[in-house]
Amino acid sequence: MAFLEVSCLKKIYTTRFGGSQVQALSNVCFSAEQGEYVAIMGESGSGKTTLLNILAALDKPTSGRVILDGMDLGQIKDKEITMFRREYLGFVFQDFNLLDTFNLRDNIFLPLVLGRKSVQEMTDSLKPIAQKLGIQDILNKYPYEVSGGQKQRAAVARALITNPKLILADEPTGALDSKAANDLLALLGEINRDGQTILMVTHSARAASRAGRVLFIKDGEVYHQIYRGNSTNEQMYQKISDTLTLLATGGDVR
Amino acid sequence: MKHGFYTKLAFTNIWKNRRTYVPYILTCILTVMMYYMVKSLSVNPGLRDMYGGSSVAVTLNLGTYVIALFAFIFLFYTNSFLMKRRKKEFGMFNILGMEKEHLARMILTETILVTVLSIGLGLGLGILFDKVMFLLMCKIVGAKISLGFFVSGSVILSAVRLFCVIYLIIYLKAVYTVQISRPVELLRGSSTGEREPKTKGLMALLGTILLGTGYGLAITIKNPIASIGVFFVAVILVIIGTYLLFTAGSIVILKALRRSRRFYYQPRHFISVSGMLYRMKQNAVGLANICILSTMVLVMLSSTTSLMFGMEDMLKIRYPNDFAVHSREPDTSGQNDKIFQKIEEFCEAESIPVENKVRYASLVFVAEEKGDWFETNGKEINVNGNTSGLRALFFIPLSDYNTASEEKKMLAGNEALIFSDYEAYEKPALGIFDREYQITGHLEEFFGNGASDTNIVTSYYIVVTDEEFGKLKEIGEKELGEMGTAQTYYGFDTSASGKKQELLERQILDIIVEVGAEYEGNYNGFMESRIGNRRDFMGIYGGLFFLGLFLGTLFIMATVLIIYYKQISEGYEDRERFEIMQKVGMTQDEVKGTIRSQVLTVFFLPIAVAGIHIMAAFPLIRLLLAVIGMVNVKLYLICTLVAFLVFAILYVIIYSLTARTYYKIVRR
């Protein structure tokens, strides 16, 4: 079985008074191997966010299953779900989601503190990560004192520090300028080469072109996917752009 | 724009913001109501007819100024909070095409709406409850209840005028805020970035020193005269100290906690400590306000209630007999005998029982204690200076003592018995003028003559032989003139009804005048009755008690609202924070626990500190009360405890309500 197995996900939202129903995901199936770097693309309303929420165990599918490293997300008890998220998943958000009451170090420590790790353990695991992300000099600064790129790097450090099985990134470059975005993407690529599985939801073809595989979602289904194979980032970018053009014009790539 | 547009908009705006507006409008209504009631009571004609009513009226009138000032500060504060919350809304309107003048007009309509609503309802309720209040006060003060419904046009007018001015100022402030800001700023409004507070070690240290000094003064003070001055100094020191400690001290402590890694990096502490650091920056002043308000409420309530309930004790101490006649020599050819005889004859005729009759002569010398020698300093005693060495010496002849206390003490030569009310006299001998006495016994108690108990200096009651008394009398008259003449105390109790006592009261006054006239008005004496003074005491202490309750309620209301608004505004700010925490792996339960501990700290820190303040102030206030004759420490202690308990219960109720609203906001 694959490392991440997503089979036949269906999600139907019912409006508050039980009136109309909205189908956010109709049938999403895909799998990913350990160490893969998968980007998920799609237009607004295509069901990207719903998919991500289900993968993050924040939401439950109407039907279908998600299995991560042999664990069925649907079987985890409500009480343990938070712990599961904390231990096995790392999150990177578009708007960083750093707490302004903590300096960067404490922001990164947050999941470990919640997991009741010792101070020694925390400092030990922070050191290599901070070094790799180049934030060792700004650990004592507060979020409002550093740039967007630095904030996002701190957020990546927070996602990495628990040594998660899977990193879920939701538009990680969305709030960054192009320079900072490129730096961050390079960093994510590097982390992936170290063996970290990453799943990234994005709008940006530039961001997606760094991934090993790109899934396109349309109307709640996986519509198409592109494998990198041996192509360079530029070639990958071209392929993605072509697909997006096709998607937009309504052509059929299959 | 269409007619009625602004009115409609104002209504919807208030409705949309009801979570913050409803408490605000309620506060407004209550404040108007309070103001109207106190003001109306102070001019109530029924009050003027009441015995002791004038002192109540004065106290109440003073209270209206306090309430007016308080209403202004408080409504202004609450409104600026509301406006801060609504900045974003204004920005939105502005961007959607409303010009600033339109905004101003919208705010004006809203303000008018609130004004009309609060003044209308406030006055309505005020008039309704005014009678209830008046009846309650009559009950407390113990006056007869007059019928009729009293509505004063001038009071209504003054309330309308006051609150219109307050709302006008509030409106101008709001318009000014909107006027000077740009739309982008308005949009960002309530969510401007927060910086970590700076450590102000020096201020924290200063706060500690001031608070310590204030406490020290309050605890160590022994001298009742100095206590009034000390009280104000201590209050000011403690207030400043409280502000400093809440603002600077809290941050110093929190930062120290954060430095302790083992403590800090635990889930509960981690979030609380960092959260509190930010919270204290915005809230320190608010919390200090709450703390000081609570302390004020508690001091006021405990002292006024203990005065009210201790009044009978105070009366008994100040007026040991139901009726008493004090007179001073020269008692030209037995006026006293004549007067006392006439009183007793009258009692007999009216069948008023005369019990516990006492009559004794005494000599009073105020002197400075110098070892076992007392220096009378001629006629001048400097009371402005240090009074710690000053003593009042009461000399009583043995025969009078024995008759009055129904004892059979024996004394010979220069032997003397002594009783002391504050500081015991431990020396074996006592000297005054050229006389010297051997102390052969200490008395367990002494029938005070009331007047001497109001002395703030220590009094010694010394029983000497009749012969020695006569010698002292001669010397006293020679050395001190009129100040040194002997006095006569005549007093008795009676179990007669109040009506009979009032009759007797008037009769004694008549007798004194009548007998005095026989001797060309030369009678140097006066009458005191417990029944007459009870009415005065009731007027003063009942009025104070009533005002204490009233202002206490007002302050409690203020405290409640400050807390409520604090929690709500924080709720909105914390919402985002807790969302993030949940995203990065905090369970609902952990969020709930953290919220609880933060809210608890913010809530109970001020009241805990207020409790400490009260404890420190206890000895000082006890002394102050003793100055006005309230010496029942146990009663005061009970009153303090009850006041604190009632306050704490109210506080817990507010807490649970607020915490629920807060949690609702945060959880969304």
# chains A, B, ... in the order shown; residues from 1 in each chain; ligands from 1
$ select_by_dssp --residues "range 7-243 of chain A" --states "helix (DSSP H, G or I)" --output "PyMOL selection string"
chain A and resi 48-55+73-75+78-88+104-114+119-133+143-145+148-160+178-193+205-208+233-243
$ residues_around --residues "Ile219 in chain B" --least-positions-apart "2" --cutoff "8 Å" --atoms "only C-alpha atoms" --output "PyMOL selection string"
chain B and resi 215-217+221+616-620
$ interface_residues --of "chain A" --to "chain B" --cutoff "7 Å" --atoms "only C-alpha atoms" --output "PyMOL selection string"
chain A and resi 82-83+85-86+97+99+101-102+111+113-114+116+119
$ residues_around --residues "Asp69 in chain A" --least-positions-apart "3" --cutoff "12 Å" --atoms "only C-alpha atoms" --output "VMD selection string"
chain A and resid 1 to 6 31 to 34 66 72 to 73 88 to 89 164 to 166 197
$ select_by_dssp --residues "range 454-605 of chain B" --states "strand (DSSP E)" --output "number ranges by chain"
B: 458-464, 487-493, 525-529
$ write_last_selection --atoms "C-alpha atoms" --output "PDB file, in the first residue's frame"
ATOM      1  CA  THR B 458      -5.519  58.428  77.042  1.00  0.00           C
ATOM      2  CA  SER B 459      -7.576  59.180  80.121  1.00  0.00           C
ATOM      3  CA  TYR B 460      -6.663  58.142  83.682  1.00  0.00           C
ATOM      4  CA  TYR B 461      -9.476  57.924  86.190  1.00  0.00           C
ATOM      5  CA  ILE B 462      -8.055  58.350  89.661  1.00  0.00           C
ATOM      6  CA  VAL B 463     -10.006  57.824  92.840  1.00  0.00           C
ATOM      7  CA  VAL B 464      -8.650  59.733  95.857  1.00  0.00           C
ATOM      8  CA  GLN B 487     -17.528  69.178  87.557  1.00  0.00           C
ATOM      9  CA  THR B 488     -20.584  67.268  88.581  1.00  0.00           C
ATOM     10  CA  TYR B 489     -22.062  64.418  86.652  1.00  0.00           C
ATOM     11  CA  TYR B 490     -25.601  63.364  87.324  1.00  0.00           C
ATOM     12  CA  GLY B 491     -27.171  60.581  85.311  1.00  0.00           C
ATOM     13  CA  PHE B 492     -29.747  57.821  85.369  1.00  0.00           C
ATOM     14  CA  ASP B 493     -31.411  55.245  83.162  1.00  0.00           C
ATOM     15  CA  GLY B 525     -24.540  73.056  83.024  1.00  0.00           C
ATOM     16  CA  PHE B 526     -26.316  71.205  80.274  1.00  0.00           C
ATOM     17  CA  MET B 527     -28.392  68.081  79.648  1.00  0.00           C
ATOM     18  CA  GLU B 528     -27.657  65.133  77.422  1.00  0.00           C
ATOM     19  CA  SER B 529     -30.095  62.384  76.548  1.00  0.00           C
TER      20      SER B 529
END
$ residues_around --residues "range 161-176 of chain B" --least-positions-apart "3" --cutoff "8 Å" --atoms "only C-alpha atoms" --output "NGL selection string"
:B and (32 or 68 or 72 or 75-76 or 79-80 or 83 or 104 or 107-108 or 111 or 115 or 119 or 157-158 or 179-180)
$ residues_around --residues "range 238-250 of chain A" --least-positions-apart "2" --cutoff "9 Å" --atoms "only C-alpha atoms" --output "list in words"
Gly42, Ala205, Arg206, Ala208, Ser209, Val214, Phe216, Lys218, His224, Ile226, Asn233, Glu234, Gln235, Met236, Asp252 and Val253 of chain A
$ write_last_selection --atoms "C-alpha atoms" --output "PDB file, in the first residue's frame"
ATOM      1  CA  GLY A  42      -7.143  23.937  -9.267  1.00  0.00           C
ATOM      2  CA  ALA A 205       2.245  27.530 -11.560  1.00  0.00           C
ATOM      3  CA  ARG A 206       5.649  28.749 -10.444  1.00  0.00           C
ATOM      4  CA  ALA A 208       3.793  23.912  -8.532  1.00  0.00           C
ATOM      5  CA  SER A 209       6.641  23.600 -11.049  1.00  0.00           C
ATOM      6  CA  VAL A 214       1.164  18.014 -10.053  1.00  0.00           C
ATOM      7  CA  PHE A 216      -5.139  19.120 -11.215  1.00  0.00           C
ATOM      8  CA  LYS A 218     -11.648  20.318 -11.374  1.00  0.00           C
ATOM      9  CA  HIS A 224      -5.205  15.352 -14.717  1.00  0.00           C
ATOM     10  CA  ILE A 226       1.758  15.663 -14.588  1.00  0.00           C
ATOM     11  CA  ASN A 233      11.739  23.390 -13.496  1.00  0.00           C
ATOM     12  CA  GLU A 234      11.305  25.453 -16.662  1.00  0.00           C
ATOM     13  CA  GLN A 235       9.960  22.544 -18.634  1.00  0.00           C
ATOM     14  CA  MET A 236       7.708  21.614 -15.783  1.00  0.00           C
ATOM     15  CA  ASP A 252      -9.761  17.722 -22.872  1.00  0.00           C
ATOM     16  CA  VAL A 253      -6.256  16.562 -22.073  1.00  0.00           C
TER      17      VAL A 253
END
$ residues_around --residues "Leu112 in chain A" --least-positions-apart "3" --cutoff "8 Å" --atoms "only C-alpha atoms" --output "ChimeraX atom specification"
/A:109,115-117,122,161-162
$ closest_residue --among "A:Leu184, A:Ala39, A:Leu55, A:Ile167" --to "Leu9 in chain A" --atoms "only C-alpha atoms"
A:Leu55
